[in-house]
>>> print(open('model.pdb').read())   # PDB, C-alpha atoms
MODEL        1
ATOM      1  CA  MET D   1      73.868 167.109  64.425  1.00  0.00           C
ATOM      2  CA  SER D   2      71.010 165.183  65.994  1.00  0.00           C
ATOM      3  CA  MET D   3      70.618 164.674  69.738  1.00  0.00           C
ATOM      4  CA  LYS D   4      70.610 161.380  71.554  1.00  0.00           C
ATOM      5  CA  ARG D   5      67.231 159.969  72.473  1.00  0.00           C
ATOM      6  CA  THR D   6      65.997 160.772  75.955  1.00  0.00           C
ATOM      7  CA  ASP D   7      63.545 157.942  76.589  1.00  0.00           C
ATOM      8  CA  TYR D   8      66.159 155.237  77.217  1.00  0.00           C
ATOM      9  CA  LEU D   9      66.096 153.019  80.312  1.00  0.00           C
ATOM     10  CA  SER D  10      67.779 154.128  83.524  1.00  0.00           C
ATOM     11  CA  TRP D  11      70.232 151.653  85.064  1.00  0.00           C
ATOM     12  CA  ASP D  12      67.663 150.692  87.714  1.00  0.00           C
ATOM     13  CA  GLN D  13      65.015 150.104  85.039  1.00  0.00           C
ATOM     14  CA  TYR D  14      67.417 148.047  82.957  1.00  0.00           C
ATOM     15  CA  PHE D  15      68.625 145.809  85.771  1.00  0.00           C
ATOM     16  CA  MET D  16      65.184 145.340  87.326  1.00  0.00           C
ATOM     17  CA  GLY D  17      63.912 144.487  83.854  1.00  0.00           C
ATOM     18  CA  ILE D  18      66.570 141.788  83.590  1.00  0.00           C
ATOM     19  CA  ALA D  19      65.569 140.456  87.020  1.00  0.00           C
ATOM     20  CA  MET D  20      61.944 140.406  85.877  1.00  0.00           C
ATOM     21  CA  LEU D  21      62.857 138.590  82.668  1.00  0.00           C
ATOM     22  CA  SER D  22      64.938 136.081  84.681  1.00  0.00           C
ATOM     23  CA  ALA D  23      61.874 135.399  86.854  1.00  0.00           C
ATOM     24  CA  GLU D  24      60.111 134.148  83.735  1.00  0.00           C
ATOM     25  CA  ARG D  25      62.445 131.109  83.792  1.00  0.00           C
ATOM     26  CA  SER D  26      60.995 129.961  87.128  1.00  0.00           C
ATOM     27  CA  LYS D  27      58.738 126.915  87.055  1.00  0.00           C
ATOM     28  CA  ASP D  28      57.162 127.800  90.401  1.00  0.00           C
ATOM     29  CA  PRO D  29      53.392 127.926  89.816  1.00  0.00           C
ATOM     30  CA  ASN D  30      52.843 130.522  92.562  1.00  0.00           C
ATOM     31  CA  THR D  31      55.770 132.908  92.856  1.00  0.00           C
ATOM     32  CA  GLN D  32      58.328 133.633  90.165  1.00  0.00           C
ATOM     33  CA  VAL D  33      61.357 135.581  91.416  1.00  0.00           C
ATOM     34  CA  GLY D  34      64.369 136.837  89.508  1.00  0.00           C
ATOM     35  CA  ALA D  35      67.620 138.499  90.552  1.00  0.00           C
ATOM     36  CA  CYS D  36      70.410 140.344  88.757  1.00  0.00           C
ATOM     37  CA  ILE D  37      73.733 141.246  90.396  1.00  0.00           C
ATOM     38  CA  VAL D  38      75.783 144.136  89.029  1.00  0.00           C
ATOM     39  CA  ASP D  39      79.076 145.752  89.967  1.00  0.00           C
ATOM     40  CA  GLU D  40      79.839 149.425  90.666  1.00  0.00           C
ATOM     41  CA  ASN D  41      80.468 149.975  86.937  1.00  0.00           C
ATOM     42  CA  ASN D  42      76.990 148.768  85.968  1.00  0.00           C
ATOM     43  CA  LYS D  43      78.288 145.503  84.554  1.00  0.00           C
ATOM     44  CA  ILE D  44      76.105 142.444  84.996  1.00  0.00           C
ATOM     45  CA  LEU D  45      77.900 139.841  87.089  1.00  0.00           C
ATOM     46  CA  SER D  46      75.230 137.179  87.488  1.00  0.00           C
ATOM     47  CA  MET D  47      71.530 136.368  87.332  1.00  0.00           C
ATOM     48  CA  GLY D  48      69.262 133.822  88.957  1.00  0.00           C
ATOM     49  CA  TYR D  49      65.664 132.745  89.437  1.00  0.00           C
ATOM     50  CA  ASN D  50      63.881 130.558  91.954  1.00  0.00           C
ATOM     51  CA  GLY D  51      63.960 126.890  91.081  1.00  0.00           C
ATOM     52  CA  MET D  52      65.023 123.425  92.070  1.00  0.00           C
ATOM     53  CA  PRO D  53      68.715 122.622  92.635  1.00  0.00           C
ATOM     54  CA  THR D  54      70.724 121.402  89.678  1.00  0.00           C
ATOM     55  CA  GLY D  55      70.193 117.684  89.210  1.00  0.00           C
ATOM     56  CA  CYS D  56      66.786 117.671  90.916  1.00  0.00           C
ATOM     57  CA  SER D  57      64.166 117.190  88.219  1.00  0.00           C
ATOM     58  CA  ASP D  58      61.540 119.942  88.094  1.00  0.00           C
ATOM     59  CA  ASP D  59      59.046 117.205  87.211  1.00  0.00           C
ATOM     60  CA  GLU D  60      59.806 115.046  90.246  1.00  0.00           C
ATOM     61  CA  MET D  61      60.082 117.657  92.990  1.00  0.00           C
ATOM     62  CA  PRO D  62      57.071 119.137  94.827  1.00  0.00           C
ATOM     63  CA  TRP D  63      55.855 122.605  93.821  1.00  0.00           C
ATOM     64  CA  GLY D  64      52.917 122.886  96.241  1.00  0.00           C
ATOM     65  CA  LYS D  65      52.654 125.131  99.283  1.00  0.00           C
ATOM     66  CA  ALA D  66      50.727 122.729 101.538  1.00  0.00           C
ATOM     67  CA  GLY D  67      51.228 119.321 103.052  1.00  0.00           C
ATOM     68  CA  SER D  68      54.115 118.009 105.085  1.00  0.00           C
ATOM     69  CA  ALA D  69      57.522 119.636 104.790  1.00  0.00           C
ATOM     70  CA  LEU D  70      58.710 116.957 102.382  1.00  0.00           C
ATOM     71  CA  GLU D  71      55.591 117.327 100.229  1.00  0.00           C
ATOM     72  CA  ASN D  72      55.873 121.051  99.496  1.00  0.00           C
ATOM     73  CA  LYS D  73      58.461 123.262  97.824  1.00  0.00           C
ATOM     74  CA  TYR D  74      59.894 125.143 100.812  1.00  0.00           C
ATOM     75  CA  PHE D  75      62.672 122.711 101.741  1.00  0.00           C
ATOM     76  CA  PHE D  76      63.755 122.363  98.130  1.00  0.00           C
ATOM     77  CA  VAL D  77      63.523 125.544  96.057  1.00  0.00           C
ATOM     78  CA  CYS D  78      66.667 127.667  95.710  1.00  0.00           C
ATOM     79  CA  HIS D  79      65.777 131.335  95.797  1.00  0.00           C
ATOM     80  CA  ALA D  80      66.706 133.709  92.981  1.00  0.00           C
ATOM     81  CA  GLU D  81      69.184 135.736  95.025  1.00  0.00           C
ATOM     82  CA  LEU D  82      71.032 132.629  96.229  1.00  0.00           C
ATOM     83  CA  ASN D  83      71.112 131.230  92.704  1.00  0.00           C
ATOM     84  CA  ALA D  84      72.532 134.507  91.379  1.00  0.00           C
ATOM     85  CA  ILE D  85      75.266 134.430  94.043  1.00  0.00           C
ATOM     86  CA  LEU D  86      76.063 130.775  93.371  1.00  0.00           C
ATOM     87  CA  ASN D  87      75.970 131.274  89.587  1.00  0.00           C
ATOM     88  CA  TYR D  88      78.740 133.874  89.773  1.00  0.00           C
ATOM     89  CA  SER D  89      82.115 132.374  89.007  1.00  0.00           C
ATOM     90  CA  GLY D  90      84.215 135.509  88.684  1.00  0.00           C
ATOM     91  CA  GLY D  91      85.487 135.948  92.237  1.00  0.00           C
ATOM     92  CA  SER D  92      84.282 138.560  94.703  1.00  0.00           C
ATOM     93  CA  LEU D  93      80.876 140.242  94.739  1.00  0.00           C
ATOM     94  CA  LYS D  94      82.166 142.882  97.152  1.00  0.00           C
ATOM     95  CA  GLY D  95      80.405 146.200  96.648  1.00  0.00           C
ATOM     96  CA  ALA D  96      77.871 144.815  94.162  1.00  0.00           C
ATOM     97  CA  THR D  97      74.144 145.565  93.929  1.00  0.00           C
ATOM     98  CA  CYS D  98      71.490 142.865  93.800  1.00  0.00           C
ATOM     99  CA  TYR D  99      68.255 143.656  91.966  1.00  0.00           C
ATOM    100  CA  SER D 100      65.485 141.299  93.054  1.00  0.00           C
ATOM    101  CA  THR D 101      61.827 141.133  92.160  1.00  0.00           C
ATOM    102  CA  LEU D 102      61.033 140.161  95.790  1.00  0.00           C
ATOM    103  CA  PHE D 103      62.620 141.358  99.026  1.00  0.00           C
ATOM    104  CA  PRO D 104      65.167 138.714 100.106  1.00  0.00           C
ATOM    105  CA  CYS D 105      64.270 136.241 102.830  1.00  0.00           C
ATOM    106  CA  ASN D 106      66.487 135.877 105.907  1.00  0.00           C
ATOM    107  CA  GLU D 107      68.466 132.992 104.378  1.00  0.00           C
ATOM    108  CA  CYS D 108      69.205 134.947 101.196  1.00  0.00           C
ATOM    109  CA  ALA D 109      70.010 138.027 103.300  1.00  0.00           C
ATOM    110  CA  LYS D 110      72.748 136.036 105.038  1.00  0.00           C
ATOM    111  CA  ALA D 111      74.196 134.971 101.682  1.00  0.00           C
ATOM    112  CA  ILE D 112      73.998 138.547 100.376  1.00  0.00           C
ATOM    113  CA  ILE D 113      75.855 139.871 103.417  1.00  0.00           C
ATOM    114  CA  GLN D 114      78.470 137.106 103.376  1.00  0.00           C
ATOM    115  CA  SER D 115      79.135 137.608  99.644  1.00  0.00           C
ATOM    116  CA  GLY D 116      79.887 141.317 100.121  1.00  0.00           C
ATOM    117  CA  ILE D 117      76.893 142.729  98.233  1.00  0.00           C
ATOM    118  CA  LYS D 118      76.279 146.228  99.589  1.00  0.00           C
ATOM    119  CA  ARG D 119      72.933 147.231  98.079  1.00  0.00           C
ATOM    120  CA  VAL D 120      69.629 145.509  97.336  1.00  0.00           C
ATOM    121  CA  VAL D 121      66.985 147.007  95.065  1.00  0.00           C
ATOM    122  CA  TYR D 122      63.665 145.177  95.312  1.00  0.00           C
ATOM    123  CA  LEU D 123      60.420 145.352  93.364  1.00  0.00           C
ATOM    124  CA  SER D 124      58.002 143.816  95.875  1.00  0.00           C
ATOM    125  CA  ASP D 125      58.005 143.580  99.660  1.00  0.00           C
ATOM    126  CA  LYS D 126      54.799 141.562  99.938  1.00  0.00           C
ATOM    127  CA  TYR D 127      56.098 139.637 102.959  1.00  0.00           C
ATOM    128  CA  ALA D 128      57.213 142.774 104.835  1.00  0.00           C
ATOM    129  CA  ASP D 129      55.340 141.782 107.995  1.00  0.00           C
ATOM    130  CA  THR D 130      56.836 138.290 108.252  1.00  0.00           C
ATOM    131  CA  GLU D 131      59.552 137.490 110.740  1.00  0.00           C
ATOM    132  CA  ALA D 132      61.842 136.318 107.907  1.00  0.00           C
ATOM    133  CA  THR D 133      61.703 139.716 106.180  1.00  0.00           C
ATOM    134  CA  ILE D 134      61.993 141.612 109.446  1.00  0.00           C
ATOM    135  CA  ALA D 135      65.098 139.523 110.247  1.00  0.00           C
ATOM    136  CA  SER D 136      66.502 140.302 106.781  1.00  0.00           C
ATOM    137  CA  LYS D 137      66.132 144.032 107.377  1.00  0.00           C
ATOM    138  CA  MET D 138      67.670 143.752 110.848  1.00  0.00           C
ATOM    139  CA  MET D 139      70.707 141.954 109.412  1.00  0.00           C
ATOM    140  CA  PHE D 140      71.019 144.362 106.474  1.00  0.00           C
ATOM    141  CA  ASP D 141      70.880 147.350 108.835  1.00  0.00           C
ATOM    142  CA  ARG D 142      73.541 145.916 111.124  1.00  0.00           C
ATOM    143  CA  ALA D 143      75.796 144.804 108.256  1.00  0.00           C
ATOM    144  CA  GLY D 144      75.524 148.089 106.356  1.00  0.00           C
ATOM    145  CA  VAL D 145      73.672 146.695 103.342  1.00  0.00           C
ATOM    146  CA  ALA D 146      71.413 149.363 101.838  1.00  0.00           C
ATOM    147  CA  TYR D 147      68.004 148.306 100.553  1.00  0.00           C
ATOM    148  CA  ASP D 148      65.804 150.432  98.351  1.00  0.00           C
ATOM    149  CA  ALA D 149      62.383 149.899  96.870  1.00  0.00           C
ATOM    150  CA  TYR D 150      62.477 150.063  93.094  1.00  0.00           C
ATOM    151  CA  GLN D 151      60.714 153.183  91.878  1.00  0.00           C
ATOM    152  CA  PRO D 152      58.554 152.140  88.936  1.00  0.00           C
ATOM    153  CA  CYS D 153      58.070 154.465  86.009  1.00  0.00           C
ATOM    154  CA  ALA D 154      55.346 154.735  83.420  1.00  0.00           C
ATOM    155  CA  LYS D 155      57.454 153.011  80.762  1.00  0.00           C
ATOM    156  CA  LYS D 156      56.090 149.745  79.379  1.00  0.00           C
ATOM    157  CA  ILE D 157      58.206 147.259  77.479  1.00  0.00           C
ATOM    158  CA  THR D 158      56.674 144.391  75.570  1.00  0.00           C
ATOM    159  CA  LEU D 159      58.758 141.505  74.320  1.00  0.00           C
ATOM    160  CA  GLU D 160      57.374 139.184  71.685  1.00  0.00           C
ATOM    161  CA  PHE D 161      59.134 135.995  70.700  1.00  0.00           C
TER     162      PHE D 161
ENDMDL
END
>>> encode(input="model.pdb", output="structure tokens")
Amino acid sequence: MSMKRTDYLSWDQYFMGIAMLSAERSKDPNTQVGACIVDENNKILSMGYNGMPTGCSDDEMPWGKAGSALENKYFFVCHAELNAILNYSGGSLKGATCYSTLFPCNECAKAIIQSGIKRVVYLSDKYADTEATIASKMMFDRAGVAYDAYQPCAKKITLEF
């Protein structure tokens, strides 16, 4: 009898990989973010990436980072975590885990808390020193939402289409 293979993906690797693949759908020229929400049984509930709201043409909306508020992306783009929450149509997300390629901003943190998600696993915390991220961590701490940095491994996966 042969043994099972031992080099398979861990759950964290698998779900962060799906979040990373979801980020590839983003049309944002600067920052592509993906999210994957899973339940306590490691079942995928929803996914999302940062992009314009449904019905708002990606070709007509601003993608820049400069200019007036109505000339850049910040008032318009829906973040990956919010999209993953809004994309879920199965009921409650209570007790779920959200895998995100970027630490959630304060607005997404509120949605995560309100939806009942209890854990966030993030790949990057490049805005750790911003007030938005500090506020996110304050809210997570007070609401009992755990947040853990994803621990990368040496495994490399290449997808060719």
>>> closest_residue(input="model.pdb", among="D:Cys153, D:Met47, D:Leu93, D:Leu9", to="Leu21 in chain D", atoms="only C-alpha atoms")
D:Met47
>>> resolve_selection(input="model.pdb", expression="the PyMOL selection byres ((chain D and resi 115-126) around 7)", output="list of chain:residue names")
D:Leu93, D:Lys94, D:Gly95, D:Ala96, D:Thr97, D:Cys98, D:Tyr99, D:Ser100, D:Thr101, D:Leu102, D:Phe103, D:Ala111, D:Ile112, D:Ile113, D:Gln114, D:Tyr127, D:Ala128, D:Val145, D:Ala146, D:Tyr147, D:Asp148, D:Ala149, D:Tyr150
>>> atom_distance(input="model.pdb", atom1="CA of Gly17 in chain D", atom2="CA of Val33 in chain D")
12.0 Å
>>> closest_residue(input="model.pdb", among="D:Lys65, D:Ser10, D:Thr158, D:Met138", to="Asn42 in chain D", atoms="only C-alpha atoms")
D:Ser10
>>> atom_distance(input="model.pdb", atom1="CA of Ala109 in chain D", atom2="CA of Asp141 in chain D")
10.9 Å
>>> atom_distance(input="model.pdb", atom1="CA of Ser136 in chain D", atom2="CA of Gly64 in chain D")
24.5 Å
>>> residues_near_point(input="model.pdb", point="(58.4, 116.3, 101.4)", cutoff="12 Å", atoms="only C-alpha atoms", output="list in words")
Glu60, Met61, Pro62, Trp63, Gly64, Lys65, Ala66, Gly67, Ser68, Ala69, Leu70, Glu71, Asn72, Lys73, Tyr74, Phe75, Phe76 and Val77 of chain D
>>> resolve_selection(input="model.pdb", expression="the PyMOL selection byres ((chain D and resi 53) around 9)", output="mmCIF file with C-alpha atoms, in the frame of the given file")
data_model
loop_
_atom_site.group_PDB
_atom_site.id
_atom_site.type_symbol
_atom_site.label_atom_id
_atom_site.label_comp_id
_atom_site.auth_asym_id
_atom_site.auth_seq_id
_atom_site.Cartn_x
_atom_site.Cartn_y
_atom_site.Cartn_z
ATOM 1 C CA GLY D 51 63.960 126.890 91.081
ATOM 2 C CA MET D 52 65.023 123.425 92.070
ATOM 3 C CA THR D 54 70.724 121.402 89.678
ATOM 4 C CA GLY D 55 70.193 117.684 89.210
ATOM 5 C CA CYS D 56 66.786 117.671 90.916
ATOM 6 C CA SER D 57 64.166 117.190 88.219
ATOM 7 C CA ASP D 58 61.540 119.942 88.094
ATOM 8 C CA PHE D 76 63.755 122.363 98.130
ATOM 9 C CA VAL D 77 63.523 125.544 96.057
ATOM 10 C CA CYS D 78 66.667 127.667 95.710
ATOM 11 C CA ASN D 83 71.112 131.230 92.704
#
>>> resolve_selection(input="model.pdb", expression="the PyMOL selection byres ((chain D and resi 46) around 9)", output="list of chain:residue names")
D:Ala35, D:Cys36, D:Ile37, D:Val38, D:Ile44, D:Leu45, D:Met47, D:Gly48, D:Asn83, D:Ala84, D:Ile85, D:Leu86, D:Asn87, D:Tyr88, D:Ser89
>>> axis_aligned_box(input="model.pdb", around="range 62-73 of chain D", padding_each_side="3 Å", output="lines of an AutoDock Vina configuration file")
center_x = 54.7
center_y = 121.0
center_z = 99.5
size_x = 14.0
size_y = 14.2
size_z = 17.3
>>> residues_around(input="model.pdb", residues="Lys27 in chain D", least_positions_apart="2", cutoff="10 Å", atoms="only C-alpha atoms", output="list of chain:residue names")
D:Ala23, D:Glu24, D:Arg25, D:Pro29, D:Asn30, D:Thr31, D:Gln32, D:Tyr49, D:Asn50, D:Gly51, D:Met52, D:Asp58, D:Asp59, D:Trp63
